[in-house]
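**Student:** Questions regarding the structure given below will be posed in turn.
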Amino acid sequence: MKIITTRFGTISVNKDKIIHMSSGMLGFSEKKRFVLFRHKENSPFFWYQSVDDPSLAFVVTSPFLFVPDYDVAADEAAKAMSWNDAVDSDLELYVVANIPKGEPDKMTANLIGPILINIKKRQAVQMVISNSPYSHKFPLAGIK
């Protein structure tokens with residue numbers, strides 16, 4: 001399947017790699033389908049590109065790279081999604097990174113809105129963590 005994107009031009013994606021989000025991303029509830037691919041080889045960053053909107057793409061990364069003890073209620077989110085048969089190896093957790101243009105040393109991550117992906121079912125949900133010790137603007141300085 002070919003996907004037209006603003007940032008990457010036309011990209012080819014296997015249909016079985018499309019991730020479905022029943023509620024979309026916060027602020028983009030009507031965008032339900034995404035693909036995830038690495039920014040470049042050996043990079044800790046990925047692109048979470050909308051299949052439904054050529055101009056919508058998020059930079060995401062693993063929260064565990066900069067907060068090794070990052071702890072959210074992923075089990076509760078998995079249950080809410082009816083992923084009752086999911087095992088830990090089926091689930092991946094990402095956070096959205098914000099990299100200000102020309103100022104990569106000021107990049108931050110949203111630790112209170114992680115994306116939980118069931119890679120086996122190709123489904124995802126963006127969690128909203130309330131009453132959290134984490135921030136939506138956690139500094140990532142030093143991550144390369």
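We name chains A, B, ... following the order of the structure tokens; residues begin at 1 in each chain, and ligands are numbered from 1 as shown.
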Which polymer residues have any atom within 10 Å of an atom of Leu140 in chain A, counting only C-alpha atoms, with same-chain residues fewer than 2 positions away left out, as a list in words?
**Tutor:**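 Counting only C-alpha atoms, the residues come to Pro63, Leu65, Phe66, Val67, Ala97, Asn98, Ile99, Pro104, Asp105, Lys106, Met107, Thr108, Ala109, Lys137, Phe138, Gly142, Ile143 and Lys144 of chain A.
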**Student:** For the selection just defined, write its residues with C-alpha atoms to a file, as a PDB file, in the first residue's frame.
**Tutor:**
ATOM      1  CA  PRO A  63      10.312   6.568  27.666  1.00  0.00           C
ATOM      2  CA  LEU A  65      15.655   5.467  27.491  1.00  0.00           C
ATOM      3  CA  PHE A  66      15.544   8.535  29.741  1.00  0.00           C
ATOM      4  CA  VAL A  67      13.347   7.413  32.647  1.00  0.00           C
ATOM      5  CA  ALA A  97       8.687  14.023  21.632  1.00  0.00           C
ATOM      6  CA  ASN A  98       8.661  17.721  20.826  1.00  0.00           C
ATOM      7  CA  ILE A  99      11.797  18.989  19.118  1.00  0.00           C
ATOM      8  CA  PRO A 104      17.306  20.092  19.596  1.00  0.00           C
ATOM      9  CA  ASP A 105      18.843  20.748  23.028  1.00  0.00           C
ATOM     10  CA  LYS A 106      15.379  21.931  24.152  1.00  0.00           C
ATOM     11  CA  MET A 107      13.509  18.769  23.141  1.00  0.00           C
ATOM     12  CA  THR A 108      10.930  17.401  25.541  1.00  0.00           C
ATOM     13  CA  ALA A 109       8.688  14.351  25.851  1.00  0.00           C
ATOM     14  CA  LYS A 137       7.383  18.625  28.923  1.00  0.00           C
ATOM     15  CA  PHE A 138      10.039  16.304  30.339  1.00  0.00           C
ATOM     16  CA  GLY A 142      21.501  14.502  26.183  1.00  0.00           C
ATOM     17  CA  ILE A 143      19.450  11.929  24.216  1.00  0.00           C
ATOM     18  CA  LYS A 144      20.889  11.363  20.753  1.00  0.00           C
TER      19      LYS A 144
END
**Student:** I'd like the neighbourhood of Asn84 in chain A as JSON, numbers by chain, where a residue qualifies if any of its atoms comes within 12 Å (using only C-alpha atoms), though same-chain residues fewer than 5 positions away should be ignored.
**Tutor:** {"A": [75, 76, 77, 78, 79, 90, 91, 118, 121]}
**Student:** Please list as a list in words every residue within 6 Å of Asn110 in chain A, counting only C-alpha atoms and excluding residues in the same chain fewer than 3 positions away.
**Tutor:**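 In the requested format, the answer is Val95, Val96, Gly113, His136 and Lys137 of chain A.
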**Student:** May I have the selected residues written with N, CA and C atoms, as a compact mmCIF listing (two decimals), in the first residue's frame?
**Tutor:**
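Writing done, so here's result.txt:
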# COMPACT_ATOMS: atom_id res chain seq x y z
N VAL A 95 6.39 7.57 23.86
CA VAL A 95 5.96 8.90 24.24
C VAL A 95 6.25 9.84 23.07
N VAL A 96 5.42 10.87 22.96
CA VAL A 96 5.59 11.85 21.89
C VAL A 96 6.68 12.84 22.31
N GLY A 113 1.08 11.38 28.43
CA GLY A 113 0.22 10.94 27.34
C GLY A 113 0.87 9.87 26.50
N HIS A 136 4.35 16.77 30.96
CA HIS A 136 4.12 16.73 29.52
C HIS A 136 5.27 17.41 28.77
N LYS A 137 6.22 17.97 29.52
CA LYS A 137 7.38 18.62 28.92
C LYS A 137 8.67 18.17 29.63
**Student:** Against range 18-24 of chain A, which residues of range 44-128 of chain A fall within 7 Å? For each one I want the closest pair of atoms and the distance in Å (one decimal), counting only C-alpha atoms, rows by chain and increasing residue number, as JSON lines.
**Tutor:**
{"residue": "A:Arg122", "atom": "CA", "partner": "A:Ile19", "partner_atom": "CA", "distance": 4.6}
{"residue": "A:Gln123", "atom": "CA", "partner": "A:His20", "partner_atom": "CA", "distance": 4.7}
{"residue": "A:Ala124", "atom": "CA", "partner": "A:Met21", "partner_atom": "CA", "distance": 5.0}
{"residue": "A:Val125", "atom": "CA", "partner": "A:Met21", "partner_atom": "CA", "distance": 5.8}
**Student:** Since we have the selection now, will you write its residues out, keeping N, CA and C atoms, as a PDB file, in the first residue's frame?
**Tutor:**
ATOM      1  N   ARG A 122      -2.071  -4.947  16.265  1.00  0.00           N
ATOM      2  CA  ARG A 122      -1.907  -3.726  15.467  1.00  0.00           C
ATOM      3  C   ARG A 122      -2.937  -2.670  15.880  1.00  0.00           C
ATOM      4  N   GLN A 123      -3.092  -2.532  17.195  1.00  0.00           N
ATOM      5  CA  GLN A 123      -3.990  -1.536  17.768  1.00  0.00           C
ATOM      6  C   GLN A 123      -3.205  -0.698  18.768  1.00  0.00           C
ATOM      7  N   ALA A 124      -3.690   0.521  18.992  1.00  0.00           N
ATOM      8  CA  ALA A 124      -3.013   1.401  19.944  1.00  0.00           C
ATOM      9  C   ALA A 124      -4.017   2.304  20.637  1.00  0.00           C
ATOM     10  N   VAL A 125      -3.574   2.805  21.779  1.00  0.00           N
ATOM     11  CA  VAL A 125      -4.368   3.778  22.529  1.00  0.00           C
ATOM     12  C   VAL A 125      -3.398   4.791  23.140  1.00  0.00           C
TER      13      VAL A 125
END
**Student:** Taking the backbone alone, and naming residues the way the document does, which bits of chain A are alpha helix (DSSP H) by DSSP, as a PyMOL selection string?
**Tutor:** chain A and resi 74-80
**Student:** To one decimal place in Å, what is the distance between CA of Asp69 in chain A and CA of Asn42 in chain A?
**Tutor:**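 Computed distance, CA of Asp69 in chain A to CA of Asn42 in chain A, equals 22.4 Å.
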**Student:** Apply DSSP to the structure's backbone, then extract all residues of chain A labelled strand (DSSP E or B) and return them as number ranges by chain.
**Tutor:** A: 2-5, 9-12, 19-20, 25, 28, 33-38, 45-50, 57-61, 91-98, 108-109, 115-118, 123-126, 138-139
**Student:** Taking N, CA and C atoms for each residue, export the selection above as a short mmCIF file (atom, residue, chain, number, x, y, z; two decimals), in the first residue's frame.
**Tutor:**
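Resulting contents of part16.cif:
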data_model
loop_
_atom_site.label_atom_id
_atom_site.label_comp_id
_atom_site.auth_asym_id
_atom_site.auth_seq_id
_atom_site.Cartn_x
_atom_site.Cartn_y
_atom_site.Cartn_z
N LYS A 2 0.52 2.23 -0.79
CA LYS A 2 1.28 3.48 -0.85
C LYS A 2 0.57 4.55 -0.03
N ILE A 3 1.37 5.26 0.75
CA ILE A 3 0.85 6.35 1.58
C ILE A 3 1.57 7.63 1.15
N ILE A 4 0.80 8.66 0.89
CA ILE A 4 1.38 9.95 0.53
C ILE A 4 1.54 10.75 1.82
N THR A 5 2.76 11.24 2.03
CA THR A 5 3.04 12.04 3.22
C THR A 5 3.66 13.37 2.81
N GLY A 9 7.23 12.15 1.40
CA GLY A 9 6.79 11.83 0.05
C GLY A 9 5.91 10.59 0.08
N THR A 10 5.95 9.81 -0.98
CA THR A 10 5.17 8.58 -1.03
C THR A 10 5.99 7.44 -0.43
N ILE A 11 5.40 6.74 0.52
CA ILE A 11 6.08 5.60 1.14
C ILE A 11 5.23 4.35 0.94
N SER A 12 5.90 3.22 0.84
CA SER A 12 5.21 1.93 0.73
C SER A 12 5.15 1.28 2.09
N ILE A 19 -1.36 0.54 12.18
CA ILE A 19 -1.82 0.49 13.57
C ILE A 19 -3.13 1.27 13.66
N HIS A 20 -4.13 0.66 14.23
CA HIS A 20 -5.46 1.27 14.35
C HIS A 20 -5.65 1.82 15.77
N MET A 25 -5.36 10.09 18.24
CA MET A 25 -4.45 10.77 19.15
C MET A 25 -5.19 11.97 19.75
N PHE A 28 -6.63 14.79 17.71
CA PHE A 28 -6.75 14.28 16.34
C PHE A 28 -7.60 13.01 16.34
N ARG A 33 -5.62 5.74 11.76
CA ARG A 33 -4.63 4.77 11.26
C ARG A 33 -3.25 5.41 11.18
N PHE A 34 -2.25 4.67 11.69
CA PHE A 34 -0.88 5.16 11.73
C PHE A 34 0.09 4.05 11.34
N VAL A 35 1.29 4.45 10.96
CA VAL A 35 2.40 3.52 10.78
C VAL A 35 3.56 4.03 11.61
N LEU A 36 4.36 3.12 12.09
CA LEU A 36 5.51 3.45 12.94
C LEU A 36 6.77 3.01 12.22
N PHE A 37 7.72 3.93 12.06
CA PHE A 37 9.00 3.55 11.47
C PHE A 37 10.12 4.39 12.07
N ARG A 38 11.31 3.79 12.09
CA ARG A 38 12.47 4.42 12.73
C ARG A 38 12.90 5.66 11.94
N PHE A 45 14.64 7.50 17.98
CA PHE A 45 13.39 8.14 17.62
C PHE A 45 12.71 7.43 16.44
N PHE A 46 11.38 7.48 16.47
CA PHE A 46 10.55 6.88 15.43
C PHE A 46 9.58 7.95 14.94
N TRP A 47 9.01 7.70 13.78
CA TRP A 47 7.91 8.52 13.27
C TRP A 47 6.63 7.73 13.42
N TYR A 48 5.61 8.38 13.91
CA TYR A 48 4.28 7.81 14.03
C TYR A 48 3.43 8.60 13.03
N GLN A 49 3.42 8.11 11.80
CA GLN A 49 2.83 8.81 10.66
C GLN A 49 1.37 8.42 10.48
N SER A 50 0.51 9.42 10.34
CA SER A 50 -0.90 9.17 10.06
C SER A 50 -1.06 8.67 8.63
N ALA A 57 2.35 13.76 11.51
CA ALA A 57 3.33 12.77 11.95
C ALA A 57 3.89 13.24 13.29
N PHE A 58 4.07 12.29 14.19
CA PHE A 58 4.61 12.58 15.52
C PHE A 58 5.97 11.91 15.65
N VAL A 59 6.89 12.58 16.33
CA VAL A 59 8.15 11.95 16.70
C VAL A 59 7.89 11.24 18.02
N VAL A 60 8.22 9.96 18.10
CA VAL A 60 8.02 9.20 19.33
C VAL A 60 9.30 8.46 19.69
N THR A 61 9.38 8.09 20.95
CA THR A 61 10.54 7.36 21.45
C THR A 61 10.12 6.54 22.67
N LEU A 91 3.19 -5.76 23.89
CA LEU A 91 2.93 -4.35 24.14
C LEU A 91 4.20 -3.52 24.07
N GLU A 92 4.10 -2.38 23.38
CA GLU A 92 5.20 -1.42 23.31
C GLU A 92 4.67 -0.07 23.76
N LEU A 93 5.51 0.67 24.45
CA LEU A 93 5.11 1.97 24.98
C LEU A 93 6.01 3.05 24.39
N TYR A 94 5.39 4.12 23.91
CA TYR A 94 6.11 5.24 23.33
C TYR A 94 5.58 6.53 23.92
N VAL A 95 6.39 7.57 23.86
CA VAL A 95 5.96 8.90 24.24
C VAL A 95 6.25 9.84 23.07
N VAL A 96 5.42 10.87 22.96
CA VAL A 96 5.59 11.85 21.89
C VAL A 96 6.68 12.84 22.31
N ALA A 97 7.61 13.06 21.39
CA ALA A 97 8.69 14.02 21.63
C ALA A 97 8.38 15.31 20.88
N ASN A 98 8.78 16.42 21.47
CA ASN A 98 8.66 17.72 20.83
C ASN A 98 10.07 18.26 20.66
N THR A 108 11.65 17.92 24.38
CA THR A 108 10.93 17.40 25.54
C THR A 108 10.09 16.20 25.12
N ALA A 109 9.60 15.48 26.11
CA ALA A 109 8.69 14.35 25.85
C ALA A 109 7.46 14.49 26.73
N ILE A 115 1.71 6.41 24.38
CA ILE A 115 0.99 5.61 23.40
C ILE A 115 1.32 4.15 23.67
N LEU A 116 0.31 3.35 23.92
CA LEU A 116 0.48 1.92 24.16
C LEU A 116 0.05 1.19 22.89
N ILE A 117 0.96 0.41 22.32
CA ILE A 117 0.69 -0.31 21.08
C ILE A 117 0.71 -1.80 21.33
N ASN A 118 -0.34 -2.46 20.90
CA ASN A 118 -0.39 -3.91 20.90
C ASN A 118 0.10 -4.33 19.51
N GLN A 123 -3.09 -2.53 17.19
CA GLN A 123 -3.99 -1.54 17.77
C GLN A 123 -3.20 -0.70 18.77
N ALA A 124 -3.69 0.52 18.99
CA ALA A 124 -3.01 1.40 19.94
C ALA A 124 -4.02 2.30 20.64
N VAL A 125 -3.57 2.80 21.78
CA VAL A 125 -4.37 3.78 22.53
C VAL A 125 -3.40 4.79 23.14
N GLN A 126 -3.80 6.05 23.11
CA GLN A 126 -3.02 7.06 23.82
C GLN A 126 -3.61 7.19 25.21
N PHE A 138 8.85 16.86 29.69
CA PHE A 138 10.04 16.30 30.34
C PHE A 138 11.25 16.56 29.43
N PRO A 139 12.30 17.22 29.93
CA PRO A 139 13.47 17.54 29.08
C PRO A 139 14.24 16.29 28.68
#
**Student:** When distances are computed from only C-alpha atoms, which of A:Glu30, A:Asp16, A:Asp52, A:Asp71 shows the smallest separation from Pro114 in chain A?
**Tutor:** A:Asp71
**Student:** Interatomic distance between CA of Lys101 in chain A and CA of Ser62 in chain A?
**Tutor:**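 Taking CA of Lys101 in chain A and CA of Ser62 in chain A, their separation equals 21.1 Å.
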**Student:** Provide the CA of Ser43 in chain A to CA of Leu56 in chain A distance in Å, to one decimal place.
**Tutor:**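 A separation of 20.5 Å between them.
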**Student:** Tell me, as a PDB file with N, CA and C atoms, in the first residue's frame, which residues lie within 10 Å of Ser132 in chain A, counting only C-alpha atoms; anything in the same chain fewer than 4 positions away does not count.
**Tutor:**
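Below you can see around04.pdb, which holds the result:
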ATOM      1  N   ASP A  71       6.819   4.352  35.017  1.00  0.00           N
ATOM      2  CA  ASP A  71       5.798   3.394  35.431  1.00  0.00           C
ATOM      3  C   ASP A  71       4.411   3.990  35.219  1.00  0.00           C
ATOM      4  N   VAL A  72       3.663   3.381  34.308  1.00  0.00           N
ATOM      5  CA  VAL A  72       2.281   3.785  34.069  1.00  0.00           C
ATOM      6  C   VAL A  72       1.401   2.539  34.105  1.00  0.00           C
ATOM      7  N   LEU A 111       5.311  12.740  28.971  1.00  0.00           N
ATOM      8  CA  LEU A 111       5.256  11.515  29.777  1.00  0.00           C
ATOM      9  C   LEU A 111       3.875  11.252  30.366  1.00  0.00           C
ATOM     10  N   ILE A 112       2.943  12.187  30.208  1.00  0.00           N
ATOM     11  CA  ILE A 112       1.601  11.952  30.747  1.00  0.00           C
ATOM     12  C   ILE A 112       0.596  11.556  29.658  1.00  0.00           C
ATOM     13  N   VAL A 128      -3.964   8.728  29.055  1.00  0.00           N
ATOM     14  CA  VAL A 128      -3.887  10.025  29.724  1.00  0.00           C
ATOM     15  C   VAL A 128      -3.656   9.734  31.204  1.00  0.00           C
TER      16      VAL A 128
END
